[in-house]
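Below you'll find the structure, written out as structure tokens, and then a few comments.
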Amino acid sequence: MKRVLIGAVAASALLLAGVAQANADLAKNSGCLNCHAVETKLVGPALKEIAAKYAGQADASAYLADKILKGSNGVWGPIPMPPNAAVSPENAKVLADFILTLK
């Protein structure tokens with residue numbers, strides 16, 4: 001039983017790591033990383049800064065998904081974020097959830 005439990009935990013960890021990598025790949029393929037980096041500010045804020053700003057807010061995922069789709073202006077400074085018309089609403093939600101997991 002102990003081996004089964006250890007195996008299940010290990011498999012879960014690998015699955016979660018794979019999902020995180022897939023979401024990072026989605027961020028790269030969607031163009032997010034052209035202006036954002038995970039750790040440092042580029043044109044836009046670091047993804048970790050975004051996660052910290054919205055941590056604990058009940059509507060953060062929906063709010064960020066909307067900003068990903070429609071863009072924003074003035075939230076992080078004078079440089080606007082353009083809308084991402086090539087990102088589907090489903091992928092915007094995945095990206096928002098991914099950003100919120102970053103610590």
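Going through the structure tokens in order, the chains are called A, B, and so on, while each chain numbers its residues from 1 and the ligands are numbered from 1 in the order shown.
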
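For Gly44 of chain A, the list of residues within 9 Å, based on only C-alpha atoms and with local chain neighbours fewer than 6 positions off taken out, reads A:Cys35, A:His36, A:Ala37, A:Trp76, A:Gly77, A:Ile79, A:Pro80, A:Met81.
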
request  = Give me, please, the distance in Å between atom CA of Pro89 of chain A and atom CA of Lys103 of chain A, quoted to one decimal.
outcome  = 24.0 Å

Test item: residues at most 6 Å from segment 58-70 of chain A, only C-alpha atoms, excluding those fewer than 2 positions along its chain, as an NGL selection string = :A and (54 or 72 or 83-84 or 92-93 or 96-97)

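Residues in contact with Ile50 of chain A at up to 9 Å, not including ones fewer than 4 positions away on its chain and judged by only C-alpha atoms, are A:Pro45, A:Ala46, A:Tyr54, A:Ala55, A:Ile99, A:Leu100, A:Leu102.
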
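Taking the backbone of this structure through DSSP, the residues of segment 33-91 of chain A that come out as alpha helix (DSSP H) are Leu47, Lys48, Glu49, Ile50, Ala51, Ala52, Lys53, Tyr54, Ala60, Ser61, Ala62, Tyr63, Leu64, Ala65, Asp66, Lys67, Ile68, Leu69, Lys70, Pro89, Glu90 and Asn91 of chain A.
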
Same residues, C-alpha atoms, saved as a PDB file, in the first residue's frame:
```
ATOM      1  CA  LEU A  47       4.286  37.603 -14.233  1.00  0.00           C
ATOM      2  CA  LYS A  48       5.155  37.042 -10.558  1.00  0.00           C
ATOM      3  CA  GLU A  49       4.344  40.706  -9.841  1.00  0.00           C
ATOM      4  CA  ILE A  50       0.961  40.239 -11.467  1.00  0.00           C
ATOM      5  CA  ALA A  51       0.336  37.095  -9.418  1.00  0.00           C
ATOM      6  CA  ALA A  52       1.280  38.907  -6.202  1.00  0.00           C
ATOM      7  CA  LYS A  53      -0.948  41.900  -6.975  1.00  0.00           C
ATOM      8  CA  TYR A  54      -4.036  39.763  -7.527  1.00  0.00           C
ATOM      9  CA  ALA A  60      -8.624  37.453 -10.237  1.00  0.00           C
ATOM     10  CA  SER A  61      -8.648  34.689 -12.861  1.00  0.00           C
ATOM     11  CA  ALA A  62     -11.634  36.126 -14.738  1.00  0.00           C
ATOM     12  CA  TYR A  63     -10.242  39.665 -14.417  1.00  0.00           C
ATOM     13  CA  LEU A  64      -6.843  38.679 -15.831  1.00  0.00           C
ATOM     14  CA  ALA A  65      -8.377  36.575 -18.605  1.00  0.00           C
ATOM     15  CA  ASP A  66     -10.403  39.619 -19.640  1.00  0.00           C
ATOM     16  CA  LYS A  67      -7.259  41.808 -19.626  1.00  0.00           C
ATOM     17  CA  ILE A  68      -5.413  39.199 -21.703  1.00  0.00           C
ATOM     18  CA  LEU A  69      -8.196  39.231 -24.290  1.00  0.00           C
ATOM     19  CA  LYS A  70      -9.044  42.954 -24.323  1.00  0.00           C
ATOM     20  CA  PRO A  89     -11.156  32.774 -24.186  1.00  0.00           C
ATOM     21  CA  GLU A  90     -10.336  29.251 -22.992  1.00  0.00           C
ATOM     22  CA  ASN A  91      -6.595  29.829 -23.376  1.00  0.00           C
TER      23      ASN A  91
END
```
